[in-house]
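Participant: Could you have a look at this structure, given as structure tokens, before my questions?
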There are 2 protein chains.
Amino acid sequence: MQSPYDIDLDRNAANYQPLSPVNFLVRAAAVYPNKTAVIHGDTSFTYAEFYTRSRRLASALAKRGIGRGDTVSIMAPNVPPLLEAHYAVPMLGAVLNALNIRLDASAIAFMLDHGEAKVILTDRMFSGVIKEALEIATNTPLVIDIDDPLDQSGELLGEMDYETFLQEGDPEFTWTPPEDEWQALSLNYTSGTTGDPKGVVYHHRGAFLNALGNTISFGLSPQTVYLWTLPMFHCNGWTYTWAVTAACGTHVCLRAVDPALIFPMIEEHKVTHMCGAPIVLTMLIHAPRETQRTFDHGPIEIATGGAAPPSAVIEGMEKMGFRVTHLYGMTESYGPSTLCAWQSDWDDLEGDARAAVMARQGVNYVTLEDQTVMDSETMQPVPADGETIGELMLRGNTVMRGYLKNPKTTNDTLSGGWLHTGDLAVMHEDGYIEIKDRAKDIIISGGENISSLEIEEVLYKHPKIMEAAVVARPDEKWGESPCAFVTPVEGETGLDEAEVTAYCRENMAHFKCPKTIIFSELPKTSTGKIQKFVLRERARGM
Amino acid sequence: MQSPYDIDLDRNAANYQPLSPVNFLVRAAAVYPNKTAVIHGDTSFTYAEFYTRSRRLASALAKRGIGRGDTVSIMAPNVPPLLEAHYAVPMLGAVLNALNIRLDASAIAFMLDHGEAKVILTDRMFSGVIKEALEIATNTPLVIDIDDPLDQSGELLGEMDYETFLQEGDPEFTWTPPEDEWQALSLNYTSGTTGDPKGVVYHHRGAFLNALGNTISFGLSPQTVYLWTLPMFHCNGWTYTWAVTAACGTHVCLRAVDPALIFPMIEEHKVTHMCGAPIVLTMLIHAPRETQRTFDHGPIEIATGGAAPPSAVIEGMEKMGFRVTHLYGMTESYGPSTLCAWQSDWDDLEGDARAAVMARQGVNYVTLEDQTVMDSETMQPVPADGETIGELMLRGNTVMRGYLKNPKTTNDTLSGGWLHTGDLAVMHEDGYIEIKDRAKDIIISGGENISSLEIEEVLYKHPKIMEAAVVARPDEKWGESPCAFVTPVEGETGLDEAEVTAYCRENMAHFKCPKTIIFSELPKTSTGKIQKFVLRERARGM
């Protein structure tokens, strides 16, 4: 028998609306029209202006024929046009493809072709690489230059500049919300270490929810002043491009992650929140004394992810007046989707004990259905013993739709009802997960699993070491042995192999100590992650 | 041509989950298993226990055949079983029908029949009225008694008591999330002043979103201690039954809104947040001096709605260490869906100017699509001039599915793509809405519209007046004239008609002054709203 609840209670325009992050801007412009929405150098825009500029951009794109399912690429640092594109492009049902500014021409050409970009907005700073990419690509998108007064390097490549293009658009442009919240919103290529980049597709529903998840987890409010130390091209700025607007806070743009800019901006704009990879925190800690500042409006909330913050980094940041939150996520999960939620019985922990709990990737956001650690063969959860290693899995509405034009990899990655992160983790007794390593980064020495992260954590505590990365090196006797690459703190010349080895022997089990120590700069991916595959090759060649 | 984004990027178990507020409890129990979730008298439950008890209840109901689309009614004050039912019943895809505890037997009988209740959980305090209702009703639900040690009045009516019933259930019960987030979640009858009560149907999606909207608007966090001064039967406690759990805060139960209980509980449990109709605030302000306390852990956030808080109430609450937020909503919109969001340029306002802005119902939650004020005939928005009166309309995902078995009223109420609230409002220049009156409460005197709320606002400021309500009285000369019903502050005997009249003439336009003043207690609906239709009848009869 049909339930009475199934009759005459259908969806209609009054009670159903597809979820979309574009609505955050509509609302912010209605509620706080005169509030500062975006600061960039000496320029700032109110929420009314932010919305108007976004509508102009949408309108100008529509006039060039851009509509549902069309890709709009953009190559820019954290400048207002990139933020505006996060609203204008989805207004059309089009798909935003924010390119990683550290990519080379051939990777960009691949993306322009694979993503079928109809338009590319490009900051003149990157005209060299974009010009080359456009020559390689088969595709010929419309090129619009972002001609930012704050950086006039590079040349103008395109048909016109961004501000002129905006003038073509109608400030009162009537746009149409997505018909379906599952519609594609953005395309984010992962910086894979092998093979072609994979194009991760987000939808409106997921971005709406993850933005609210960020708002709640990170405590954003209309009083929030958010400094853009995280690249907006990275998982759409971990969806903070939308979250800060949802909270009706203020976006402070930043072209380059430079402590000499960051410290004065925090002071001037009374920044309350920022995000970044641990390297950003390390840069702030190791900035010259004359650059550093202390703040009387803190503590300043800083969320970090991509790797667990070493204890030395947490302590260093706290001394400067920051409070560190550890988030975890990946491009495939809209950026952060777990956080190391604080427990009141940790309040008394200090030093290493404190860092040990904070190193955990933690628990799922309220907007993510679930997380678990599983044996990826049997798909059975590992025991919650803090020791048994399995693969970290995520599921819920903030997991990508899949990889564009890549059904096989999509199916593999989302098989068994879970997103397979590729990260090896343990589940602690309290249900908190902790990543031990990337699957390919674990070192197997004499049959023992050695976590490269664990050795790195020890190395980071050495006062003369700024950065460290440990990889497996083939070893005749043990199969593999740990090989450490170490960057000393700037100006530090007195550190040698013997000192590092002695230090390691004092601070970890003997079998875990690096057998090889190399002093070197660390190669990084375009998103700032250390490229362990490069180091592995170097280790192998020695 | 099909867009590449429409191919091979479908929903699956890894990336799609129906939104449901039940997941908040699952997550809270996983993240904070040992945290105090619910306090009731000397008893408290951790989140692990809260979840286990809810699973037991779901299991016990399932064993009695309760499943998708079945209605489970409950008649109880704010006690743990009512909170548990908010999770257990939806776990089964069943529908929770929390009954208003102030209803009479015939109204309850109507609801048990109309809602086709399969089970009723009933607190023994209400055994009298429920016994009578069950005799009137055609339907014969399973009856389970809530036998609360805190109130042993009344008799036991049912097959067994709640705690025994829980013992029948499996604490590890495996429940199934809803297949569709549009599925019915709860049934809330509106206390209509005429005709049969209407059964408002909520869905999982709307409750999930409104709970997050509350979490963000009211700043809930794991540090939140929420005192239940708002009835949970009222729009499912404005969806705070779910929101407090989403934030992983602590619920503090309360059987009766009694200042002698509330003040010490705020102090003992370090309450941070609470909600209530303005009458709750008035009760706290007018509580005997020896009952009142001041708090050193404040300010305590109190959200109010149902009517704008008069300025005297705002000031009185602030003096005691509370901060007042004004929300607006109705049963049809999951309780609050707009708030009077604070603007920084109001910071310097004081007294009447401050109360004037705070009297506004404000702007839509981030989780509600939109609000507007329209001419309900033409469905055209009124000008944003703060003067032109129209009907307040809401739209978005936190608008009800409709009224159960009442397609005509559903269609009327949701016609033209908007929820017609029946409230008469203006749109201010800044986009904030302000309710001037219920459509039927406006007084038309000599062709002039007089807002009864405006006169009441003035009356509330008189130091000897505790409550006031103004209605239209038929008038030979003017058509209608304002008639004021006034309750003096307790113990106040020196207030007479002449004093009130003189006071009104000093403080409002002459034509707005009440021509009739009656000293009386005010009749209230079961949700604490003043019953103006009763007063209108009394005014007419004089």
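Residue numbering restarts at 1 for every chain of the structure tokens, chains are lettered A, B, ... in their displayed order, and ligands are numbered from 1 as they appear.
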If you take only C-alpha atoms and a cut-off of 6 Å, which residues of chain A touch chain B, and what are their nearest atom pairs and distances in Å to one decimal, in chain and number order, as CSV?
Facilitator:
```
residue,atom,partner,partner_atom,distance
A:Ser3,CA,B:Gly69,CA,5.5
A:Asp8,CA,B:Pro407,CA,5.9
A:Leu9,CA,B:Arg401,CA,5.2
A:Ala13,CA,B:Gly417,CA,4.5
A:Ala14,CA,B:Gly417,CA,4.3
A:Asn15,CA,B:Val399,CA,4.8
A:Tyr16,CA,B:Asn397,CA,4.8
A:Gln17,CA,B:Gly396,CA,5.6
A:Gly69,CA,B:Ser3,CA,5.6
A:Arg395,CA,B:Ala14,CA,4.6
A:Gly396,CA,B:Asn15,CA,5.0
A:Asn397,CA,B:Tyr16,CA,4.8
A:Val399,CA,B:Asn15,CA,4.8
A:Arg401,CA,B:Leu9,CA,5.2
A:Gly402,CA,B:Leu9,CA,5.5
A:Pro407,CA,B:Asp8,CA,5.9
A:Leu414,CA,B:Ala14,CA,5.9
A:Gly417,CA,B:Ala14,CA,4.2
A:Trp418,CA,B:Ala14,CA,4.4
A:Leu419,CA,B:Ala14,CA,5.9
```
Participant: Write the residues of the selection above to a file with N, CA and C atoms, as a PDB file, in the first residue's frame.
Facilitator:
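Resulting contents of part_15.pdb:
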```pdb
ATOM      1  N   SER A   3       2.118   4.768   1.003  1.00  0.00           N
ATOM      2  CA  SER A   3       2.035   5.562   2.228  1.00  0.00           C
ATOM      3  C   SER A   3       1.413   6.913   1.885  1.00  0.00           C
ATOM      4  N   ASP A   8       0.830  13.581  -3.194  1.00  0.00           N
ATOM      5  CA  ASP A   8       0.565  15.026  -3.185  1.00  0.00           C
ATOM      6  C   ASP A   8       1.572  15.838  -2.379  1.00  0.00           C
ATOM      7  N   LEU A   9       2.786  15.353  -2.273  1.00  0.00           N
ATOM      8  CA  LEU A   9       3.787  16.107  -1.504  1.00  0.00           C
ATOM      9  C   LEU A   9       5.068  16.227  -2.325  1.00  0.00           C
ATOM     10  N   ALA A  13       8.701  24.678  -7.026  1.00  0.00           N
ATOM     11  CA  ALA A  13       9.644  25.806  -6.988  1.00  0.00           C
ATOM     12  C   ALA A  13       9.733  26.437  -5.600  1.00  0.00           C
ATOM     13  N   ALA A  14       8.708  26.251  -4.778  1.00  0.00           N
ATOM     14  CA  ALA A  14       8.739  26.851  -3.435  1.00  0.00           C
ATOM     15  C   ALA A  14       9.598  26.052  -2.470  1.00  0.00           C
ATOM     16  N   ASN A  15       9.652  24.722  -2.666  1.00  0.00           N
ATOM     17  CA  ASN A  15      10.291  23.901  -1.632  1.00  0.00           C
ATOM     18  C   ASN A  15      11.512  23.108  -2.107  1.00  0.00           C
ATOM     19  N   TYR A  16      11.934  23.337  -3.321  1.00  0.00           N
ATOM     20  CA  TYR A  16      13.118  22.624  -3.794  1.00  0.00           C
ATOM     21  C   TYR A  16      13.983  23.544  -4.633  1.00  0.00           C
ATOM     22  N   GLN A  17      15.260  23.534  -4.329  1.00  0.00           N
ATOM     23  CA  GLN A  17      16.213  24.317  -5.100  1.00  0.00           C
ATOM     24  C   GLN A  17      17.490  23.499  -5.199  1.00  0.00           C
ATOM     25  N   GLY A  69      28.120  23.090 -19.608  1.00  0.00           N
ATOM     26  CA  GLY A  69      29.056  22.045 -19.993  1.00  0.00           C
ATOM     27  C   GLY A  69      30.290  22.531 -20.730  1.00  0.00           C
ATOM     28  N   ARG A 395      33.875   8.341   1.917  1.00  0.00           N
ATOM     29  CA  ARG A 395      32.648   8.269   1.121  1.00  0.00           C
ATOM     30  C   ARG A 395      31.704   9.395   1.514  1.00  0.00           C
ATOM     31  N   GLY A 396      30.905   9.841   0.563  1.00  0.00           N
ATOM     32  CA  GLY A 396      29.913  10.865   0.876  1.00  0.00           C
ATOM     33  C   GLY A 396      29.757  11.859  -0.249  1.00  0.00           C
ATOM     34  N   ASN A 397      28.978  12.896   0.040  1.00  0.00           N
ATOM     35  CA  ASN A 397      28.596  13.853  -0.995  1.00  0.00           C
ATOM     36  C   ASN A 397      29.716  14.785  -1.420  1.00  0.00           C
ATOM     37  N   VAL A 399      32.693  13.713  -2.309  1.00  0.00           N
ATOM     38  CA  VAL A 399      33.633  12.928  -3.127  1.00  0.00           C
ATOM     39  C   VAL A 399      33.309  13.251  -4.586  1.00  0.00           C
ATOM     40  N   ARG A 401      32.672  13.455  -8.658  1.00  0.00           N
ATOM     41  CA  ARG A 401      31.870  12.658  -9.583  1.00  0.00           C
ATOM     42  C   ARG A 401      32.738  11.583 -10.238  1.00  0.00           C
ATOM     43  N   GLY A 402      33.983  11.947 -10.511  1.00  0.00           N
ATOM     44  CA  GLY A 402      34.898  11.007 -11.153  1.00  0.00           C
ATOM     45  C   GLY A 402      35.928  11.773 -11.954  1.00  0.00           C
ATOM     46  N   PRO A 407      36.758   6.533 -17.451  1.00  0.00           N
ATOM     47  CA  PRO A 407      35.862   5.686 -16.637  1.00  0.00           C
ATOM     48  C   PRO A 407      36.602   4.568 -15.913  1.00  0.00           C
ATOM     49  N   LEU A 414      36.796   4.637  -7.207  1.00  0.00           N
ATOM     50  CA  LEU A 414      35.557   4.684  -6.420  1.00  0.00           C
ATOM     51  C   LEU A 414      34.959   3.287  -6.236  1.00  0.00           C
ATOM     52  N   GLY A 417      32.235   1.214  -3.268  1.00  0.00           N
ATOM     53  CA  GLY A 417      31.484   2.196  -2.499  1.00  0.00           C
ATOM     54  C   GLY A 417      32.357   3.156  -1.691  1.00  0.00           C
ATOM     55  N   TRP A 418      33.637   3.209  -1.989  1.00  0.00           N
ATOM     56  CA  TRP A 418      34.540   4.098  -1.251  1.00  0.00           C
ATOM     57  C   TRP A 418      35.538   4.749  -2.211  1.00  0.00           C
ATOM     58  N   LEU A 419      35.937   5.976  -1.866  1.00  0.00           N
ATOM     59  CA  LEU A 419      37.056   6.619  -2.544  1.00  0.00           C
ATOM     60  C   LEU A 419      38.347   6.061  -1.949  1.00  0.00           C
TER      61      LEU A 419
END
```
Participant: Report as a PyMOL selection string all protein, DNA and RNA residues lying within 8 Å of region 290-294 of chain A, evaluated on only C-alpha atoms, omitting residues in the same chain fewer than 4 positions from it.
Facilitator: chain A and resi 259-260+263-264+284+320-321
Participant: Convert the current residue selection to file output with C-alpha atoms, as a compact mmCIF listing (two decimals), in the first residue's frame.
Facilitator:
```txt
# COMPACT_ATOMS: atom_id res chain seq x y z
CA PRO A 259 56.45 36.10 4.52
CA ALA A 260 57.52 39.67 3.80
CA PHE A 263 53.12 39.32 8.15
CA PRO A 264 52.25 42.97 7.40
CA LEU A 284 56.67 31.78 8.36
CA MET A 320 53.90 33.53 16.97
CA GLY A 321 50.23 33.72 17.92
```
Participant: Just the number, please: distance in Å from CA of His114 (chain B) to CA of Ile136 (chain B), one decimal.
Facilitator: 12.8 Å
Participant: Excluding Lys464 (chain B) and residues on its chain fewer than 5 positions from it, collect all residues at most 8 Å away from it, counting only C-alpha atoms, and give them as a ChimeraX atom specification.
Facilitator: /B:488-489,492,495
Participant: Env of Thr52 (chain B): 12 Å cut, atoms = only C-alpha atoms, seq-sep filter 2 positions within chain, self excluded. Answer as a PyMOL selection string.
Facilitator: chain B and resi 25-26+29-30+33+45-50+54-59+84+87-88+166-167+169-175
Participant: Taking only region 215-283 of chain A into account, list the residues labelled strand (DSSP E) by DSSP (computed from the backbone), as a ChimeraX atom specification.
Facilitator: /A:225-227,250-252,273-276
Participant: For those residues, write N, CA and C atoms to a file as a PDB file, in the first residue's frame.
Facilitator:
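Saved result, result32.pdb, follows:
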```pdb
ATOM      1  N   VAL A 225      38.263  37.375   8.431  1.00  0.00           N
ATOM      2  CA  VAL A 225      39.110  37.978   7.391  1.00  0.00           C
ATOM      3  C   VAL A 225      40.092  36.883   6.966  1.00  0.00           C
ATOM      4  N   TYR A 226      39.926  36.420   5.751  1.00  0.00           N
ATOM      5  CA  TYR A 226      40.634  35.227   5.284  1.00  0.00           C
ATOM      6  C   TYR A 226      41.745  35.617   4.326  1.00  0.00           C
ATOM      7  N   LEU A 227      42.970  35.295   4.696  1.00  0.00           N
ATOM      8  CA  LEU A 227      44.116  35.617   3.841  1.00  0.00           C
ATOM      9  C   LEU A 227      44.411  34.422   2.933  1.00  0.00           C
ATOM     10  N   THR A 250      35.605  38.285   4.644  1.00  0.00           N
ATOM     11  CA  THR A 250      36.378  39.071   3.675  1.00  0.00           C
ATOM     12  C   THR A 250      37.532  38.233   3.116  1.00  0.00           C
ATOM     13  N   HIS A 251      37.647  38.208   1.780  1.00  0.00           N
ATOM     14  CA  HIS A 251      38.763  37.545   1.112  1.00  0.00           C
ATOM     15  C   HIS A 251      39.918  38.544   0.963  1.00  0.00           C
ATOM     16  N   VAL A 252      41.114  38.190   1.410  1.00  0.00           N
ATOM     17  CA  VAL A 252      42.286  39.032   1.151  1.00  0.00           C
ATOM     18  C   VAL A 252      43.175  38.298   0.146  1.00  0.00           C
ATOM     19  N   HIS A 273      41.803  34.133   9.693  1.00  0.00           N
ATOM     20  CA  HIS A 273      41.904  32.748   9.231  1.00  0.00           C
ATOM     21  C   HIS A 273      42.780  32.657   7.990  1.00  0.00           C
ATOM     22  N   MET A 274      43.523  31.586   7.881  1.00  0.00           N
ATOM     23  CA  MET A 274      44.285  31.295   6.669  1.00  0.00           C
ATOM     24  C   MET A 274      44.570  29.797   6.601  1.00  0.00           C
ATOM     25  N   CYS A 275      44.960  29.339   5.409  1.00  0.00           N
ATOM     26  CA  CYS A 275      45.259  27.927   5.206  1.00  0.00           C
ATOM     27  C   CYS A 275      46.572  27.802   4.443  1.00  0.00           C
ATOM     28  N   GLY A 276      47.164  26.634   4.521  1.00  0.00           N
ATOM     29  CA  GLY A 276      48.349  26.406   3.714  1.00  0.00           C
ATOM     30  C   GLY A 276      48.965  25.055   4.007  1.00  0.00           C
TER      31      GLY A 276
END
```
Participant: Residues near Ala356 (chain A), anyone? I mean within 12 Å using only C-alpha atoms, not counting same-chain ones fewer than 4 positions away, as JSON, numbers by chain.
Facilitator: {"A": [308, 309, 310, 311, 312, 314, 326, 340, 346, 349, 350, 351, 352, 360, 361, 362, 428, 432, 434, 435, 454, 457, 458]}
Participant: Using C-alpha atoms, can you write the selected residues to a file as a CSV table (one decimal), in the first residue's frame?
Facilitator:
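Okay, out_4.csv is ready:
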```
chain,number,residue,atom,x,y,z
A,308,ALA,CA,50.8,16.3,9.1
A,309,PRO,CA,52.4,19.4,10.7
A,310,PRO,CA,55.6,18.3,12.6
A,311,SER,CA,55.6,19.2,16.3
A,312,ALA,CA,58.3,21.8,15.8
A,314,ILE,CA,53.0,23.5,15.6
A,326,HIS,CA,45.1,19.8,10.9
A,340,CYS,CA,41.7,16.5,13.7
A,346,TRP,CA,44.0,16.8,25.2
A,349,LEU,CA,49.0,17.7,26.6
A,350,GLU,CA,52.2,19.4,25.7
A,351,GLY,CA,55.1,19.1,23.3
A,352,ASP,CA,55.4,15.7,21.7
A,360,ARG,CA,46.2,12.7,13.2
A,361,GLN,CA,44.1,13.3,10.2
A,362,GLY,CA,41.2,12.8,12.5
A,428,HIS,CA,43.2,4.6,16.5
A,432,TYR,CA,40.7,9.0,14.7
A,434,GLU,CA,46.3,8.7,11.1
A,435,ILE,CA,48.2,8.5,7.8
A,454,GLU,CA,57.9,8.9,11.3
A,457,GLU,CA,58.9,13.9,12.1
A,458,VAL,CA,62.1,13.2,14.1
```
Participant: Quick one: pull the distance between CA of Met427 (chain A) and CA of Val373 (chain A), Å, one decimal.
Facilitator: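 Going from CA of Met427 (chain A) over to CA of Val373 (chain A) covers 6.3 Å.
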Participant: Near Thr138 (chain B), within 9 Å and counting only C-alpha atoms, which residues show up once chain neighbours fewer than 4 positions away are dropped, as a PyMOL selection string?
Facilitator: chain B and resi 109+112-113+134
Participant: Got a sec to tell me which of region 190-385 of chain A DSSP assigns to helix (DSSP H, G or I), as number ranges by chain?
Facilitator: A: 204-217, 235-238, 240-246, 259-269, 278-285, 311-319, 331-333, 344-346, 351-358
Participant: Measuring atom to atom with only C-alpha atoms, identify which of A:Leu392, A:Pro80, A:Ala133, A:His286 is nearest to Ser106 (chain A).
Facilitator: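 The answer is A:Ala133, which sits nearest to Ser106 (chain A).
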Participant: CA of Thr304 (chain B) and CA of Pro21 (chain B) are how many Å apart?
Facilitator: 23.0 Å
